[in-house]
Each structure stands twice: as structure tokens, then as C-alpha cells.
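Q: Okay, handing you the structure first.
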Amino acid sequence: AEFGEPGPLVGILVGSESDRESMDPAMQELDERGISHELHVLSAHRDPRSVAEYASTAALRGVRVIICGAGMAAALPGVVASYSDLPVIGVPLRSSKSVADGLDALLSIVQMPPGVPVACVSIDGARNAAILAARILGQGGGLPTIDL
């Protein structure tokens with residue numbers, strides 16, 4: 001984005017090009033809700049400096065929630081959360097190399113250390129990640145509000 005232009009509200013990251021298609025339901029959901037987003041392929045293992053750069057500058061560019069799709073060791077959501085104070089939503093992804101059909105990624109995302117929170121949706125739950133991002137942004141799509 002040019003200087004002065006608002007950036008996307010939701011950043012979507014995947015660890016490899018082969019994971020890009022798995023995040024299509026998230027992008028479709030955000031499009032239907034009129035929520036701006038961007039997608040980048042950045043690997044926590046192959047390019048950790050770029051992940052750190054993205055995560056640490058996302059808020060400055062207007063990003064308000066980051067969704068990370070990751071398979072196998074699934075380090076991406078946790079690494080992003082360690083470099084950013086923005087809400088991070090992890091999407092565990094199945095892959096041909098998955099252990100127990102994606103359980104490896106699920107456990108890697110869910111089991112974060114204290115002080116590094118990552119929300120986690122179901123395996124291949126990209127659409128739910130987008131719905132959760134919308135709710136975090138307060139654009140939950142006409143849901144009734146409850147005053148306490």
C-alpha cells in the first residue's frame with residue numbers, strides 16, 4: 001500500500017505455496033463481508049526474518065487481525081504472535097505429510113506457552129478463522145449484541 005492508503009484489516013499467512021488453496025474459504029468469507037485482506041506466503045522455518053518483519057509491522061500498515069494457516073509443525077502462528085500484539089488465529093492444515101490427519105498441526109498451534117496467545121480453529125477451518133476475525137473486528141455480520 002502507498003503511504004497514506006489504508007492497509008488491509010486482515011493479514012493471512014501460509015507457510016508454503018501448497019497451503020494457499022486451503023485459505024480460499026477464509027478469503028471468500030472476508031470478501032462476502034466486505035473486509036479487506038491480503039495473503040502472503042512466508043515460512044517460519046525457511047524465512048523467519050520475513051515472518052518477523054511482517055508480524056512486527058502489520059499493525060503499522062493497518063492490519064488488525066492475522067490468520068495463519070500452517071501444517072505439520074505449524075510454527076507460523078506462534079512465531080507471528082511472538083512478534084505482534086495483534087490477535088492471531090491459527091488454522092491447522094492437513095497435508096500429505098500430516099501425522100494423524102492434521103493432529104500434529106492442531107497440537108502445535110493449541111499448545112502455546114503462557115504470554116503468547118494464539119486462537120485456534122478446527123483442522124482446515126479457514127472459513128471459521130475468517131468469521132472469528134470478523135467478530136474480533138466488530139463486523140460479525142448482523143449478530144445481535146447483548147448488553148450486560
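We label chains A, B, ... in the order they appear in the C-alpha cells, count residues from 1 in each chain, and number ligands from 1 in the order shown.
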Could you give me, as a ChimeraX atom specification, the residues within 8 Å of Val65 in chain A, counting only C-alpha atoms and dropping anything in the same chain fewer than 4 positions from it?
A: /A:9-11,86-89,133,136-137
Q: Range 55-130 of chain A: which residues are strand (DSSP E) by DSSP, as a PyMOL selection string?
A: chain A and resi 65-71+88-93+119-120
Q: Using N, CA and C atoms, can you write the selected residues to a file as a JSON list (two decimals), in the first residue's frame?
A:
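Final output, saved to selection12.json:
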[["chain", "number", "residue", "atom", "x", "y", "z"],
["A", 65, "VAL", "N", -6.04, -8.06, 12.51],
["A", 65, "VAL", "CA", -6.09, -9.48, 12.88],
["A", 65, "VAL", "C", -5.24, -10.24, 11.87],
["A", 66, "ILE", "N", -4.50, -11.24, 12.35],
["A", 66, "ILE", "CA", -3.70, -12.07, 11.45],
["A", 66, "ILE", "C", -4.17, -13.51, 11.55],
["A", 67, "ILE", "N", -4.44, -14.10, 10.40],
["A", 67, "ILE", "CA", -4.81, -15.52, 10.30],
["A", 67, "ILE", "C", -3.61, -16.26, 9.71],
["A", 68, "CYS", "N", -3.19, -17.33, 10.37],
["A", 68, "CYS", "CA", -2.06, -18.11, 9.88],
["A", 68, "CYS", "C", -2.48, -19.55, 9.64],
["A", 69, "GLY", "N", -2.37, -20.01, 8.42],
["A", 69, "GLY", "CA", -2.60, -21.40, 8.09],
["A", 69, "GLY", "C", -1.28, -22.13, 8.08],
["A", 70, "ALA", "N", -1.22, -23.26, 8.79],
["A", 70, "ALA", "CA", 0.05, -23.97, 8.88],
["A", 70, "ALA", "C", -0.19, -25.46, 9.10],
["A", 71, "GLY", "N", 0.65, -26.26, 8.48],
["A", 71, "GLY", "CA", 0.58, -27.71, 8.63],
["A", 71, "GLY", "C", 1.79, -28.24, 9.36],
["A", 88, "VAL", "N", -3.96, -13.24, 16.81],
["A", 88, "VAL", "CA", -3.52, -14.22, 15.81],
["A", 88, "VAL", "C", -4.44, -15.43, 15.90],
["A", 89, "ILE", "N", -4.94, -15.85, 14.74],
["A", 89, "ILE", "CA", -5.81, -17.03, 14.66],
["A", 89, "ILE", "C", -5.06, -18.08, 13.84],
["A", 90, "GLY", "N", -4.86, -19.24, 14.44],
["A", 90, "GLY", "CA", -4.18, -20.33, 13.75],
["A", 90, "GLY", "C", -5.16, -21.29, 13.11],
["A", 91, "VAL", "N", -4.85, -21.70, 11.89],
["A", 91, "VAL", "CA", -5.65, -22.70, 11.19],
["A", 91, "VAL", "C", -4.75, -23.90, 10.94],
["A", 92, "PRO", "N", -4.94, -24.99, 11.70],
["A", 92, "PRO", "CA", -4.14, -26.18, 11.44],
["A", 92, "PRO", "C", -4.55, -26.80, 10.10],
["A", 93, "LEU", "N", -3.57, -27.12, 9.28],
["A", 93, "LEU", "CA", -3.86, -27.64, 7.94],
["A", 93, "LEU", "C", -3.40, -29.07, 7.78],
["A", 119, "ALA", "N", -5.31, -17.97, 19.03],
["A", 119, "ALA", "CA", -6.61, -18.65, 18.91],
["A", 119, "ALA", "C", -6.44, -19.75, 17.89],
["A", 120, "CYS", "N", -7.21, -20.82, 18.03],
["A", 120, "CYS", "CA", -7.08, -21.94, 17.10],
["A", 120, "CYS", "C", -8.46, -22.43, 16.69]]
Q: If you count only C-alpha atoms, which residues fall within 9 Å of Leu107 in chain A, apart from same-chain ones fewer than 3 positions away, as a list in words?
A: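 Counting only C-alpha atoms, the residues come to Ala73, Ala74, Pro92, Gly102, Leu103, Asp104, Val110 and Gln111 of chain A.
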Q: Deliver the residues from the most recent selection as a file, using N, CA and C atoms, as a CSV table (one decimal), in the first residue's frame.
A:
chain,number,residue,atom,x,y,z
A,73,ALA,N,4.5,-29.1,11.7
A,73,ALA,CA,5.0,-28.5,12.9
A,73,ALA,C,4.3,-27.2,13.3
A,74,ALA,N,3.7,-26.6,12.3
A,74,ALA,CA,2.8,-25.4,12.4
A,74,ALA,C,3.3,-24.3,13.3
A,92,PRO,N,-4.9,-25.0,11.7
A,92,PRO,CA,-4.1,-26.2,11.4
A,92,PRO,C,-4.6,-26.8,10.1
A,102,GLY,N,-3.6,-34.2,10.4
A,102,GLY,CA,-3.6,-32.8,10.9
A,102,GLY,C,-3.5,-32.6,12.4
A,103,LEU,N,-3.5,-33.7,13.1
A,103,LEU,CA,-3.4,-33.6,14.6
A,103,LEU,C,-2.1,-32.9,15.0
A,104,ASP,N,-1.0,-33.2,14.3
A,104,ASP,CA,0.3,-32.6,14.6
A,104,ASP,C,0.2,-31.0,14.5
A,110,VAL,N,-2.3,-25.2,19.3
A,110,VAL,CA,-3.0,-25.0,20.5
A,110,VAL,C,-2.1,-24.9,21.7
A,111,GLN,N,-1.0,-25.6,21.7
A,111,GLN,CA,-0.1,-25.7,22.9
A,111,GLN,C,0.9,-24.5,22.9
Q: Near range 19-23 of chain A, counting only C-alpha atoms, which residues have an atom at most 12 Å away, once you skip same-chain residues fewer than 4 positions from it, shown as a ChimeraX atom specification?
A: /A:11-15,27-30,37-43,67-72,74,90-96,123-130
Q: Please report the interatomic distance between CA of Ala26 in chain A and CA of Gly138 in chain A in Å with one decimal.
A: 16.7 Å
Q: CA of Asp47 in chain A and CA of Val80 in chain A, how far apart in Å?
A: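 CA of Asp47 in chain A lies 12.3 Å from CA of Val80 in chain A.
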Q: What is the CA of Asp24 in chain A-CA of Ser108 in chain A distance in Å, reported with one decimal?
A: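 Those two atoms sit 22.1 Å apart.
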Q: Go through A:Val99, A:Pro25, A:Gly34, A:Pro8 one by one, measure the shortest atom-to-atom distance of each to Val63 in chain A using only C-alpha atoms, and give the residue with the smallest value.
A: A:Pro8
Q: DSSP says alpha helix (DSSP H) for which residues of range 15-140 of chain A? Put them as a PyMOL selection string?
A: chain A and resi 24-32+48-57+76-83+103-110+126-136
